[in-house]
>>> print(open('protein09.tsv').read())   # TSV, C-alpha atoms and all ligand atoms
chain	number	residue	atom	x	y	z
A	140	MET	CA	68.66	-19.47	24.55
A	141	LEU	CA	66.44	-19.58	27.67
A	142	ARG	CA	65.25	-16.08	26.84
A	143	SER	CA	64.25	-17.12	23.31
A	144	ILE	CA	62.36	-20.15	24.61
A	145	LEU	CA	60.45	-18.01	27.11
A	146	ILE	CA	59.64	-15.40	24.47
A	147	TYR	CA	58.41	-18.18	22.20
A	148	LEU	CA	56.25	-19.52	25.07
A	149	SER	CA	54.88	-16.02	25.73
A	150	GLN	CA	53.33	-16.10	22.24
A	151	ALA	CA	52.22	-19.77	22.23
A	152	ASN	CA	48.51	-20.29	22.76
A	153	TRP	CA	48.89	-23.88	23.92
A	154	ALA	CA	51.30	-22.78	26.68
A	155	ARG	CA	48.99	-19.93	27.69
A	156	GLN	CA	46.11	-22.38	28.07
A	157	ILE	CA	48.13	-24.67	30.33
A	158	VAL	CA	49.89	-22.08	32.48
A	159	THR	CA	46.88	-19.84	33.14
A	160	ARG	CA	45.11	-22.84	34.70
A	161	TRP	CA	47.80	-23.14	37.39
A	162	SER	CA	46.90	-21.16	40.48
A	163	PHE	CA	50.57	-20.98	41.55
A	164	ALA	CA	51.36	-19.27	38.21
A	165	ARG	CA	48.70	-16.65	38.88
A	166	LYS	CA	50.19	-16.14	42.36
A	167	ALA	CA	53.68	-15.72	40.89
A	168	ALA	CA	52.36	-13.29	38.25
A	169	SER	CA	50.76	-11.15	40.95
A	170	ARG	CA	54.24	-9.80	41.77
A	171	PHE	CA	54.14	-7.93	38.45
A	172	ILE	CA	50.39	-7.40	37.98
A	173	ALA	CA	48.36	-4.91	40.02
A	174	GLY	CA	45.25	-7.13	40.10
A	175	GLU	CA	42.41	-8.23	37.86
A	176	GLU	CA	40.20	-5.13	38.09
A	177	LEU	CA	40.66	-1.43	37.38
A	178	ASP	CA	39.89	-0.66	41.03
A	179	ASP	CA	42.83	-2.85	42.11
A	180	ALA	CA	45.13	-0.98	39.74
A	181	LEU	CA	43.82	2.42	40.84
A	182	ASN	CA	44.64	1.53	44.45
A	183	VAL	CA	48.22	0.82	43.36
A	184	VAL	CA	48.32	4.13	41.47
A	185	LYS	CA	47.04	6.04	44.52
A	186	ALA	CA	49.73	4.47	46.71
A	187	LEU	CA	52.39	5.43	44.14
A	188	ASN	CA	51.04	8.98	43.91
A	189	ALA	CA	51.21	9.25	47.72
A	190	ASN	CA	54.97	8.54	47.33
A	191	ASN	CA	55.32	11.24	44.67
A	192	ILE	CA	55.46	8.69	41.84
A	193	ASN	CA	53.31	8.96	38.70
A	194	ALA	CA	51.82	6.05	36.81
A	195	THR	CA	50.77	4.75	33.44
A	196	LEU	CA	47.95	2.19	33.49
A	197	ASP	CA	47.95	-0.79	31.15
A	198	HIS	CA	44.85	-2.91	30.75
A	199	LEU	CA	46.65	-6.08	29.69
A	200	GLY	CA	45.82	-7.47	26.27
A	201	GLU	CA	47.52	-7.96	22.90
A	202	HIS	CA	46.93	-9.69	19.57
A	203	THR	CA	43.17	-9.35	19.89
A	204	SER	CA	41.69	-11.92	17.53
A	205	ASN	CA	38.46	-10.35	16.21
A	206	PRO	CA	36.87	-6.91	15.57
A	207	GLU	CA	34.40	-7.19	18.48
A	208	LYS	CA	37.18	-7.85	20.98
A	209	ALA	CA	39.25	-4.99	19.55
A	210	LEU	CA	36.26	-2.64	19.86
A	211	ARG	CA	35.70	-3.75	23.46
A	212	ALA	CA	39.42	-3.26	24.27
A	213	ALA	CA	39.22	0.32	22.97
A	214	ASP	CA	36.04	0.95	25.00
A	215	ASP	CA	37.81	-0.33	28.11
A	216	ILE	CA	40.75	2.02	27.50
A	217	ILE	CA	38.34	4.96	27.11
A	218	ALA	CA	36.73	3.96	30.42
A	219	ILE	CA	40.17	3.95	32.11
A	220	ILE	CA	40.89	7.45	30.80
A	221	GLU	CA	37.55	8.66	32.17
A	222	ARG	CA	38.27	7.07	35.57
A	223	ILE	CA	41.72	8.69	35.73
A	224	HIS	CA	40.00	12.02	35.17
A	225	GLN	CA	37.24	11.38	37.75
A	226	GLU	CA	39.64	10.10	40.42
A	227	GLY	CA	42.16	12.89	39.82
A	228	VAL	CA	45.11	10.48	39.94
A	229	ARG	CA	48.52	11.28	38.41
A	230	SER	CA	48.42	8.74	35.60
A	231	GLY	CA	48.28	8.19	31.87
A	232	VAL	CA	47.61	5.00	29.93
A	233	SER	CA	49.78	2.66	27.88
A	234	ILE	CA	48.24	0.68	25.04
A	235	LYS	CA	49.27	-1.80	22.38
A	236	LEU	CA	48.07	-1.44	18.81
A	237	THR	CA	47.49	-5.20	18.44
A	238	GLN	CA	45.22	-4.90	21.49
A	239	ILE	CA	42.89	-2.57	19.56
A	240	GLY	CA	42.91	-4.46	16.28
A	241	LEU	CA	46.18	-4.00	14.35
A	242	ASP	CA	46.37	-7.78	13.95
A	243	VAL	CA	42.81	-7.88	12.54
A	244	ASP	CA	42.46	-4.81	10.32
A	245	LYS	CA	44.65	-1.70	10.22
A	246	SER	CA	41.78	0.72	9.60
A	247	LEU	CA	39.80	-0.73	12.52
A	248	CYS	CA	42.85	-0.14	14.70
A	249	GLU	CA	43.12	3.47	13.46
A	250	GLU	CA	39.43	4.10	14.17
A	251	ASN	CA	39.77	2.66	17.67
A	252	LEU	CA	42.87	4.74	18.31
A	253	ASP	CA	41.05	7.85	17.11
A	254	ARG	CA	38.20	7.26	19.57
A	255	ILE	CA	40.66	6.72	22.42
A	256	LEU	CA	42.60	9.87	21.57
A	257	GLU	CA	39.50	12.04	21.24
A	258	THR	CA	38.67	11.28	24.89
A	259	ALA	CA	42.31	11.55	25.99
A	260	HIS	CA	42.69	14.91	24.25
A	261	ARG	CA	39.45	16.28	25.74
A	262	LEU	CA	40.51	15.25	29.27
A	263	SER	CA	44.25	16.06	28.86
A	264	ILE	CA	45.37	12.53	29.63
A	265	PHE	CA	48.46	11.14	27.92
A	266	VAL	CA	48.38	7.90	25.92
A	267	ARG	CA	51.59	6.00	25.20
A	268	ILE	CA	51.75	3.38	22.45
A	269	ASP	CA	53.93	0.48	23.60
A	270	MET	CA	56.26	-1.01	20.99
A	271	GLU	CA	55.72	-4.69	20.15
A	272	ASP	CA	57.96	-7.10	18.25
A	273	SER	CA	59.74	-6.02	15.08
A	274	GLN	CA	57.05	-7.09	12.58
A	275	TRP	CA	54.85	-4.29	14.01
A	276	VAL	CA	57.37	-1.46	14.19
A	277	ASP	CA	56.74	0.12	10.74
A	278	LYS	CA	52.95	0.04	11.07
A	279	THR	CA	53.10	1.27	14.67
A	280	LEU	CA	55.31	4.24	13.73
A	281	GLN	CA	53.13	5.08	10.76
A	282	ILE	CA	49.90	5.05	12.80
A	283	PHE	CA	51.64	6.98	15.58
A	284	SER	CA	52.82	9.71	13.18
A	285	GLN	CA	49.28	10.22	11.85
A	286	ALA	CA	47.92	10.42	15.40
A	287	LEU	CA	50.69	12.80	16.47
A	288	GLU	CA	49.80	15.16	13.65
A	289	LYS	CA	46.12	15.06	14.54
A	290	PHE	CA	46.23	15.16	18.35
A	291	GLY	CA	49.67	16.60	19.24
A	292	SER	CA	52.56	15.49	21.44
A	293	GLU	CA	50.77	16.27	24.71
A	294	THR	CA	48.20	13.57	23.96
A	295	ILE	CA	50.15	10.77	22.32
A	296	GLY	CA	53.64	9.30	22.72
A	297	ILE	CA	55.61	6.30	21.53
A	298	VAL	CA	58.21	3.73	22.61
A	299	LEU	CA	61.50	2.83	20.92
A	300	GLN	CA	63.81	-0.13	21.62
A	301	SER	CA	67.60	0.18	21.82
A	302	TYR	CA	68.17	-3.41	20.66
A	303	LEU	CA	67.07	-2.57	17.09
A	304	TYR	CA	69.69	-1.23	14.66
A	305	ARG	CA	67.06	1.00	13.06
A	306	THR	CA	66.19	2.89	16.24
A	307	LYS	CA	68.71	5.73	15.84
A	308	ASP	CA	67.08	6.72	12.53
A	309	ASP	CA	63.57	6.34	13.95
A	310	LEU	CA	64.54	8.46	16.94
A	311	THR	CA	66.00	11.22	14.75
A	312	ASN	CA	62.75	11.41	12.74
A	313	LEU	CA	60.53	11.33	15.80
A	314	LEU	CA	62.49	14.04	17.63
A	315	ALA	CA	62.22	16.26	14.55
A	316	ALA	CA	58.43	15.88	14.89
A	317	GLY	CA	58.59	16.82	18.61
A	318	ALA	CA	57.43	13.37	19.78
A	319	ARG	CA	57.61	12.28	23.43
A	320	ILE	CA	59.56	9.06	23.55
A	321	ARG	CA	59.99	6.23	26.02
A	322	MET	CA	63.34	4.53	25.40
A	323	CYS	CA	63.60	0.92	26.53
A	324	LYS	CA	65.97	-1.94	25.63
A	325	GLY	CA	63.29	-4.17	24.06
A	326	ALA	CA	61.48	-7.18	25.46
A	327	TYR	CA	61.16	-9.56	22.49
A	328	ALA	CA	63.50	-12.05	20.77
A	329	GLU	CA	64.76	-10.52	17.52
A	330	PRO	CA	67.13	-11.97	14.88
A	331	GLU	CA	70.66	-10.59	14.71
A	332	GLU	CA	70.02	-9.26	11.19
A	333	ILE	CA	67.94	-6.51	12.77
A	334	ALA	CA	68.93	-6.36	16.45
A	335	PHE	CA	72.12	-6.35	18.53
A	336	PRO	CA	72.64	-9.91	19.80
A	337	ASP	CA	74.93	-8.81	22.67
A	338	LYS	CA	73.60	-7.10	25.76
A	339	ALA	CA	76.70	-4.85	25.96
A	340	ASP	CA	75.82	-3.38	22.53
A	341	VAL	CA	72.16	-2.92	23.49
A	342	ASP	CA	73.31	-1.04	26.60
A	343	ALA	CA	75.83	1.11	24.71
A	344	ASN	CA	73.18	1.98	22.12
A	345	PHE	CA	70.72	2.80	24.90
A	346	ASP	CA	73.19	5.37	26.34
A	347	GLN	CA	73.78	6.90	22.93
A	348	LEU	CA	70.06	7.13	22.19
A	349	VAL	CA	69.35	8.71	25.57
A	350	ASP	CA	71.95	11.38	24.76
A	351	LEU	CA	70.19	12.00	21.42
A	352	MET	CA	66.84	12.26	23.22
A	353	PHE	CA	68.31	14.87	25.56
A	354	GLU	CA	69.69	16.84	22.61
A	355	GLY	CA	66.26	16.64	20.93
A	356	CYS	CA	64.61	17.77	24.13
A	357	THR	CA	66.71	20.96	24.15
A	358	ARG	CA	66.02	21.55	20.45
A	359	ASN	CA	62.28	21.28	21.15
A	360	GLY	CA	62.36	23.97	23.86
A	361	THR	CA	62.85	21.65	26.88
A	362	PRO	CA	59.22	21.00	27.81
A	363	LEU	CA	58.78	19.95	31.45
A	364	ILE	CA	56.47	17.30	32.89
A	365	SER	CA	53.05	18.85	33.58
A	366	ASP	CA	52.32	19.98	37.16
A	367	ASN	CA	49.68	17.26	37.56
A	368	GLY	CA	52.21	14.61	36.45
A	369	ARG	CA	50.01	13.43	33.60
A	370	ILE	CA	51.84	14.77	30.57
A	371	PRO	CA	55.43	13.52	30.44
A	372	PRO	CA	58.48	15.40	29.17
A	373	ILE	CA	60.10	14.39	25.83
A	374	PRO	CA	62.63	11.82	27.11
A	375	ALA	CA	61.50	8.90	29.25
A	376	ILE	CA	64.22	6.49	30.35
A	377	ALA	CA	62.53	3.12	30.88
A	378	SER	CA	65.05	0.89	32.60
A	379	HIS	CA	65.88	-0.70	35.94
A	380	ASP	CA	69.56	-0.84	34.98
A	381	GLU	CA	71.49	1.28	37.49
A	382	GLU	CA	74.39	1.85	35.11
A	383	ARG	CA	72.06	3.27	32.46
A	384	ILE	CA	70.41	5.46	35.07
A	385	ILE	CA	73.71	6.76	36.46
A	386	PHE	CA	74.93	7.51	32.94
A	387	SER	CA	71.74	9.41	32.08
A	388	LYS	CA	71.84	11.41	35.31
A	389	ARG	CA	75.38	12.49	34.46
A	390	LEU	CA	74.12	13.63	31.04
A	391	VAL	CA	71.31	15.62	32.64
A	392	GLU	CA	73.94	17.52	34.62
A	393	GLN	CA	76.33	17.99	31.70
A	394	ARG	CA	73.55	19.26	29.46
A	395	GLU	CA	72.21	21.41	32.33
A	396	LEU	CA	68.70	20.06	31.86
A	397	PRO	CA	66.18	20.67	34.62
A	398	LYS	CA	65.25	17.38	36.32
A	399	GLN	CA	61.60	18.00	35.36
A	400	ALA	CA	62.61	17.77	31.67
A	401	VAL	CA	63.28	14.02	31.96
A	402	GLU	CA	61.40	11.10	33.39
A	403	TYR	CA	62.43	7.67	34.69
A	404	GLN	CA	60.04	4.81	34.10
A	405	MET	CA	59.97	1.36	35.71
A	406	LEU	CA	57.62	-1.58	35.92
A	407	HIS	CA	55.31	-2.36	38.82
A	408	GLY	CA	56.97	-4.94	41.08
A	409	ILE	CA	60.55	-4.25	39.95
A	410	ARG	CA	63.19	-2.16	41.81
A	411	ARG	CA	60.83	-0.22	44.02
A	412	ASP	CA	63.90	0.95	46.00
A	413	LEU	CA	65.28	2.59	42.86
A	414	GLN	CA	61.91	4.16	42.00
A	415	GLU	CA	61.72	5.74	45.43
A	416	SER	CA	65.32	6.92	45.55
A	417	LEU	CA	65.02	8.66	42.15
A	418	ALA	CA	61.77	10.31	43.24
A	419	SER	CA	63.40	11.49	46.48
A	420	GLU	CA	66.24	13.04	44.42
A	421	GLY	CA	63.58	15.12	42.66
A	422	TYR	CA	63.41	13.27	39.32
A	423	PRO	CA	59.96	12.55	37.88
A	424	VAL	CA	59.33	8.80	38.12
A	425	ARG	CA	56.50	6.92	36.42
A	426	VAL	CA	55.58	3.32	37.13
A	427	TYR	CA	53.91	1.13	34.53
A	428	VAL	CA	50.94	-0.51	36.25
A	429	PRO	CA	49.47	-3.48	34.34
A	430	TYR	CA	46.23	-5.15	35.40
A	431	GLY	CA	43.61	-7.55	34.06
A	432	SER	CA	43.13	-11.21	33.30
A	433	GLU	CA	45.36	-11.30	30.18
A	434	TRP	CA	48.55	-11.46	32.23
A	435	TYR	CA	50.22	-14.49	30.61
A	436	PRO	CA	52.35	-12.92	27.80
A	437	TYR	CA	53.36	-9.93	29.95
A	438	PHE	CA	54.37	-12.19	32.83
A	439	THR	CA	56.33	-14.58	30.61
A	440	ARG	CA	58.30	-11.64	29.15
A	441	ARG	CA	59.22	-10.63	32.71
A	442	LEU	CA	60.52	-14.17	33.28
A	443	ALA	CA	62.52	-13.98	30.05
A	444	GLU	CA	64.21	-10.75	31.16
A	445	ARG	CA	65.61	-12.30	34.28
A	446	PRO	CA	66.18	-16.06	34.52
A	447	ALA	CA	66.33	-15.77	38.34
A	448	ASN	CA	62.59	-15.02	38.15
A	449	LEU	CA	62.08	-18.61	37.04
A	450	TRP	CA	63.13	-19.80	40.52
A	451	PHE	CA	60.76	-17.29	42.02
A	452	PHE	CA	58.05	-18.74	39.73
A	453	ILE	CA	58.84	-22.34	40.66
A	454	SER	CA	59.10	-21.53	44.38
A	455	ASN	CA	55.43	-20.43	44.27
A	456	LEU	CA	54.54	-24.04	43.48
A	457	PHE	CA	55.62	-25.01	46.99
A	458	ARG	CA	53.96	-22.15	48.85
B	501	LIG	C1	58.10	1.50	31.90
B	501	LIG	C2	58.56	0.45	30.95
B	501	LIG	C3	57.88	0.27	29.76
B	501	LIG	C4	58.32	-0.67	28.83
B	501	LIG	N1	57.70	-0.76	27.62
B	501	LIG	C5	58.20	-1.59	26.68
B	501	LIG	C6	57.68	-1.60	25.37
B	501	LIG	O1	56.77	-0.87	25.01
B	501	LIG	N2	58.23	-2.48	24.47
B	501	LIG	C7	59.26	-3.32	24.80
B	501	LIG	O2	59.75	-4.06	23.95
B	501	LIG	N3	59.75	-3.33	26.06
B	501	LIG	C8	59.25	-2.50	27.00
B	501	LIG	N4	59.79	-2.50	28.26
B	501	LIG	C9	60.68	-3.61	28.68
B	501	LIG	C10	62.14	-3.32	28.36
B	501	LIG	O3	62.32	-3.36	26.98
B	501	LIG	C11	63.07	-4.35	29.03
B	501	LIG	O4	62.77	-5.63	28.56
B	501	LIG	C12	63.00	-4.39	30.54
B	501	LIG	O5	62.82	-3.11	31.07
B	501	LIG	C13	64.29	-4.96	31.14
B	501	LIG	O6	65.39	-4.18	30.80
B	501	LIG	P1	66.17	-3.17	31.78
B	501	LIG	O7	66.38	-1.92	31.05
B	501	LIG	O8	65.45	-3.05	33.06
B	501	LIG	O9	67.60	-3.77	31.94
B	501	LIG	P2	68.20	-5.19	32.27
B	501	LIG	O10	69.65	-5.08	31.97
B	501	LIG	O11	67.42	-6.28	31.64
B	501	LIG	O12	68.00	-5.30	33.83
B	501	LIG	C14	68.70	-4.46	34.76
B	501	LIG	C15	68.26	-4.84	36.16
B	501	LIG	O13	66.87	-4.58	36.33
B	501	LIG	C16	66.24	-5.58	37.10
B	501	LIG	N5	65.24	-6.25	36.25
B	501	LIG	C17	65.05	-6.08	34.93
B	501	LIG	N6	64.03	-6.84	34.48
B	501	LIG	C18	63.57	-7.51	35.55
B	501	LIG	C19	62.53	-8.46	35.74
B	501	LIG	N7	61.77	-8.86	34.73
B	501	LIG	N8	62.34	-8.94	36.98
B	501	LIG	C20	63.09	-8.56	38.02
B	501	LIG	N9	64.10	-7.65	37.90
B	501	LIG	C21	64.34	-7.14	36.69
B	501	LIG	C22	67.32	-6.51	37.55
B	501	LIG	O14	67.80	-6.04	38.79
B	501	LIG	C23	68.38	-6.34	36.47
B	501	LIG	O15	69.67	-6.67	36.90
B	501	LIG	C24	59.41	-1.52	29.17
B	501	LIG	C25	60.09	-1.33	30.35
B	501	LIG	C26	59.70	-0.36	31.24
B	501	LIG	C27	60.48	-0.16	32.49
>>> encode(input="protein09.tsv", output="structure tokens")
Amino acid sequence: MLRSILIYLSQANWARQIVTRWSFARKAASRFIAGEELDDALNVVKALNANNINATLDHLGEHTSNPEKALRAADDIIAIIERIHQEGVRSGVSIKLTQIGLDVDKSLCEENLDRILETAHRLSIFVRIDMEDSQWVDKTLQIFSQALEKFGSETIGIVLQSYLYRTKDDLTNLLAAGARIRMCKGAYAEPEEIAFPDKADVDANFDQLVDLMFEGCTRNGTPLISDNGRIPPIPAIASHDEERIIFSKRLVEQRELPKQAVEYQMLHGIRRDLQESLASEGYPVRVYVPYGSEWYPYFTRRLAERPANLWFFISNLFR
């Protein structure tokens, strides 16, 4: 119930306008956001890299409302890719299709994605398309498949969500195409006609899907993460849930996969202890580093994931 309310608020413009005016909200959000500017985020990436952890940079933004803004968002993403190359950091980028115009005009979004991927391909930097709420899944997968065919799996990857019933079928198709996949549980509120309402089922499906990803990884010749940490392996396990991580590590052993054939992904500001312990065990770890002024929906989804964060949010009011 609380989760649904927070997810609703994350998409409500009136709430965004109120909350982003509160300085204590910005302070609370800074736990999860690497700063307003690309330089702030690059400093975070450099510190992660020094600890043997890779990154994926996200210039926050979604549901861009007009073609000019979508064009500018794509230009900004191209500039990030160029900076990653110039700075030599171990990072890729994560993007949302509604950030670059999917909400405005599908062909504009495709053109913007094309421009981004031309630069990414030329500089060998990996771009991951985040998965948004269920109304976007079909279009996102369709645009991804076209891009995969054109630019290849070392340039572009995708995200799937274990809370959706459809994901097993999507995963099977994507693995057959050799796609590199980030598996997460899913961060939006979805109706029970299309998504598991119970967390236990989402978790059980996550484990099953991770096993399928590992099988697909073997079938695709077990590609390893690139030496410079920029191009991920096929399966990326995006979770802070220790049980899911323990389960997947057991599978890695049973399937005799090299550690470099899988990757663990977590969010900036969450379970840094776990990030560091996995990296010290020799597993590739990648941290999602969001930055920018459009922090409101991202931050509210982080509150929705963990009600205890609400107290953390409110406590900032008194600091
Ligand atoms: C790298 C990465 C990329 C992602 N990309 C997408 C995407 O493209 N689309 C999408 O729908 N979702 C995405 N997500 C979000 C994901 O779907 C989940 O909502 C989120 O990761 C919480 O689920 P969990 O697997 O960590 O497990 P949970 O069972 O929710 O949490 C397990 C434990 O993790 C910690 N934890 C989890 N969330 C928080 C939090 N917000 N604050 C503090 N502690 C927390 C707590 O200790 C908690 O007990 C992404 C997640 C990661 C890590």
>>> closest_atom_pairs(input="protein09.tsv", of="chain A", to="ligand LIG 501 (chain B)", cutoff="7 Å", atoms="all atoms listed in the file", output="Markdown table")
| residue | atom | partner | partner_atom | distance |
| --- | --- | --- | --- | --- |
| A:Asp269 | CA | B:LIG501 | O1 | 3.4 |
| A:Met270 | CA | B:LIG501 | O1 | 4.1 |
| A:Glu271 | CA | B:LIG501 | N2 | 5.5 |
| A:Asp272 | CA | B:LIG501 | O2 | 6.7 |
| A:Val298 | CA | B:LIG501 | O1 | 5.4 |
| A:Gln300 | CA | B:LIG501 | O2 | 6.1 |
| A:Cys323 | CA | B:LIG501 | O3 | 4.5 |
| A:Lys324 | CA | B:LIG501 | O3 | 4.1 |
| A:Gly325 | CA | B:LIG501 | O3 | 3.2 |
| A:Ala326 | CA | B:LIG501 | O4 | 3.7 |
| A:Tyr327 | CA | B:LIG501 | O2 | 5.9 |
| A:Ala377 | CA | B:LIG501 | C27 | 4.2 |
| A:Ser378 | CA | B:LIG501 | O7 | 3.5 |
| A:His379 | CA | B:LIG501 | O8 | 3.7 |
| A:Asp380 | CA | B:LIG501 | C14 | 3.7 |
| A:Glu381 | CA | B:LIG501 | C14 | 6.9 |
| A:Gln404 | CA | B:LIG501 | C1 | 4.4 |
| A:Met405 | CA | B:LIG501 | C27 | 3.6 |
| A:Leu406 | CA | B:LIG501 | C27 | 4.7 |
| A:Ile409 | CA | B:LIG501 | N9 | 5.3 |
| A:Arg410 | CA | B:LIG501 | C16 | 6.6 |
| A:Val426 | CA | B:LIG501 | C1 | 6.1 |
| A:Tyr427 | CA | B:LIG501 | C1 | 5.0 |
| A:Arg441 | CA | B:LIG501 | N7 | 3.7 |
| A:Leu442 | CA | B:LIG501 | N7 | 5.6 |
| A:Ala443 | CA | B:LIG501 | N7 | 7.0 |
| A:Glu444 | CA | B:LIG501 | N7 | 4.7 |
| A:Arg445 | CA | B:LIG501 | C19 | 5.1 |
| A:Asn448 | CA | B:LIG501 | N8 | 6.2 |
>>> residues_around(input="protein09.tsv", residues="stretch 273-279 of chain A", least_positions_apart="5", cutoff="10 Å", atoms="all atoms listed in the file", output="MDAnalysis selection string")
chainID A and resid 235:237 241:242 245 268 284 297:300 303 309 325 327:330 333:334
>>> write_last_selection(input="protein09.tsv", atoms="C-alpha atoms", output="mmCIF file, in the coordinates of the input")
data_model
loop_
_atom_site.group_PDB
_atom_site.id
_atom_site.type_symbol
_atom_site.label_atom_id
_atom_site.label_comp_id
_atom_site.auth_asym_id
_atom_site.auth_seq_id
_atom_site.Cartn_x
_atom_site.Cartn_y
_atom_site.Cartn_z
ATOM 1 C CA LYS A 235 49.270 -1.800 22.380
ATOM 2 C CA LEU A 236 48.070 -1.440 18.810
ATOM 3 C CA THR A 237 47.490 -5.200 18.440
ATOM 4 C CA LEU A 241 46.180 -4.000 14.350
ATOM 5 C CA ASP A 242 46.370 -7.780 13.950
ATOM 6 C CA LYS A 245 44.650 -1.700 10.220
ATOM 7 C CA ILE A 268 51.750 3.380 22.450
ATOM 8 C CA SER A 284 52.820 9.710 13.180
ATOM 9 C CA ILE A 297 55.610 6.300 21.530
ATOM 10 C CA VAL A 298 58.210 3.730 22.610
ATOM 11 C CA LEU A 299 61.500 2.830 20.920
ATOM 12 C CA GLN A 300 63.810 -0.130 21.620
ATOM 13 C CA LEU A 303 67.070 -2.570 17.090
ATOM 14 C CA ASP A 309 63.570 6.340 13.950
ATOM 15 C CA GLY A 325 63.290 -4.170 24.060
ATOM 16 C CA TYR A 327 61.160 -9.560 22.490
ATOM 17 C CA ALA A 328 63.500 -12.050 20.770
ATOM 18 C CA GLU A 329 64.760 -10.520 17.520
ATOM 19 C CA PRO A 330 67.130 -11.970 14.880
ATOM 20 C CA ILE A 333 67.940 -6.510 12.770
ATOM 21 C CA ALA A 334 68.930 -6.360 16.450
#
>>> closest_residue(input="protein09.tsv", among="A:Ser246, A:Asn359, A:Ser230, A:Gln150", to="A:Ser292", atoms="all atoms listed in the file")
A:Asn359
>>> residues_around(input="protein09.tsv", residues="A:Val428", least_positions_apart="4", cutoff="9 Å", atoms="only C-alpha atoms", output="PyMOL selection string")
chain A and resi 171-173+180-181+183-184+194-198+406-408
>>> residues_around(input="protein09.tsv", residues="A:Arg211", least_positions_apart="6", cutoff="12 Å", atoms="only C-alpha atoms", output="ChimeraX atom specification")
/A:198,200,203-205,217-218,238-240,248,251,254-255
>>> atom_distance(input="protein09.tsv", atom1="atom CA of A:Leu449", atom2="atom CA of A:Lys166")
13.3 Å
>>> atom_distance(input="protein09.tsv", atom1="atom CA of A:Leu141", atom2="atom CA of A:Val341")
18.1 Å
>>> closest_residue(input="protein09.tsv", among="A:Ser149, A:Asn190, A:Ser365, A:Gln285", to="A:Gly231", atoms="all atoms listed in the file")
A:Ser365
>>> axis_aligned_box(input="protein09.tsv", around="stretch 441-445 of chain A", padding_each_side="6 Å", output="JSON")
{"center_x": 62.4, "center_y": -12.4, "center_z": 32.2, "size_x": 18.4, "size_y": 15.5, "size_z": 16.2}
>>> residues_around(input="protein09.tsv", residues="A:Ile192", least_positions_apart="2", cutoff="9 Å", atoms="only C-alpha atoms", output="mmCIF file with C-alpha atoms, keeping the file's coordinate frame")
data_model
loop_
_atom_site.group_PDB
_atom_site.id
_atom_site.type_symbol
_atom_site.label_atom_id
_atom_site.label_comp_id
_atom_site.auth_asym_id
_atom_site.auth_seq_id
_atom_site.Cartn_x
_atom_site.Cartn_y
_atom_site.Cartn_z
ATOM 1 C CA VAL A 184 48.320 4.130 41.470
ATOM 2 C CA ALA A 186 49.730 4.470 46.710
ATOM 3 C CA LEU A 187 52.390 5.430 44.140
ATOM 4 C CA ASN A 188 51.040 8.980 43.910
ATOM 5 C CA ALA A 189 51.210 9.250 47.720
ATOM 6 C CA ASN A 190 54.970 8.540 47.330
ATOM 7 C CA ALA A 194 51.820 6.050 36.810
ATOM 8 C CA ARG A 229 48.520 11.280 38.410
ATOM 9 C CA GLY A 368 52.210 14.610 36.450
ATOM 10 C CA GLN A 414 61.910 4.160 42.000
ATOM 11 C CA GLU A 415 61.720 5.740 45.430
ATOM 12 C CA ALA A 418 61.770 10.310 43.240
ATOM 13 C CA PRO A 423 59.960 12.550 37.880
ATOM 14 C CA VAL A 424 59.330 8.800 38.120
ATOM 15 C CA ARG A 425 56.500 6.920 36.420
ATOM 16 C CA VAL A 426 55.580 3.320 37.130
#
>>> closest_residue(input="protein09.tsv", among="A:His202, A:Arg394, A:Arg155, A:Lys185", to="A:Arg358", atoms="all atoms listed in the file")
A:Arg394
>>> atom_distance(input="protein09.tsv", atom1="atom CA of A:Ile146", atom2="atom CA of A:Tyr437")
10.0 Å
>>> residues_near_point(input="protein09.tsv", point="(45.4, 14.0, 33.4)", cutoff="7 Å", atoms="all atoms listed in the file", output="list of chain:residue names")
A:Ile223, A:His224, A:Arg229, A:Ser230, A:Gly231, A:Leu262, A:Ser263, A:Ile264, A:Phe265, A:Asn367, A:Arg369
>>> residues_around(input="protein09.tsv", residues="stretch 383-388 of chain A", least_positions_apart="6", cutoff="10 Å", atoms="all atoms listed in the file", output="compact mmCIF listing (two decimals) with C-alpha atoms, in the frame of the given file")
# COMPACT_ATOMS: atom_id res chain seq x y z
CA ASP A 342 73.31 -1.04 26.60
CA ALA A 343 75.83 1.11 24.71
CA PHE A 345 70.72 2.80 24.90
CA ASP A 346 73.19 5.37 26.34
CA GLN A 347 73.78 6.90 22.93
CA VAL A 349 69.35 8.71 25.57
CA ASP A 350 71.95 11.38 24.76
CA PHE A 353 68.31 14.87 25.56
CA ILE A 376 64.22 6.49 30.35
CA ALA A 377 62.53 3.12 30.88
CA ARG A 394 73.55 19.26 29.46
CA LEU A 396 68.70 20.06 31.86
CA LYS A 398 65.25 17.38 36.32
CA VAL A 401 63.28 14.02 31.96
CA TYR A 403 62.43 7.67 34.69
CA LEU A 413 65.28 2.59 42.86
CA LEU A 417 65.02 8.66 42.15
CA TYR A 422 63.41 13.27 39.32
>>> closest_residue(input="protein09.tsv", among="A:Arg411, A:Arg170, A:Lys338, A:Arg319", to="A:Gly296", atoms="only C-alpha atoms")
A:Arg319
>>> closest_residue(input="protein09.tsv", among="A:Phe438, A:Tyr430, A:Trp153, A:Trp450", to="A:Ala168", atoms="only C-alpha atoms")
A:Phe438
>>> closest_residue(input="protein09.tsv", among="A:Asp244, A:Asp178, A:Asp340, A:Glu395", to="A:Glu354", atoms="all atoms listed in the file")
A:Glu395
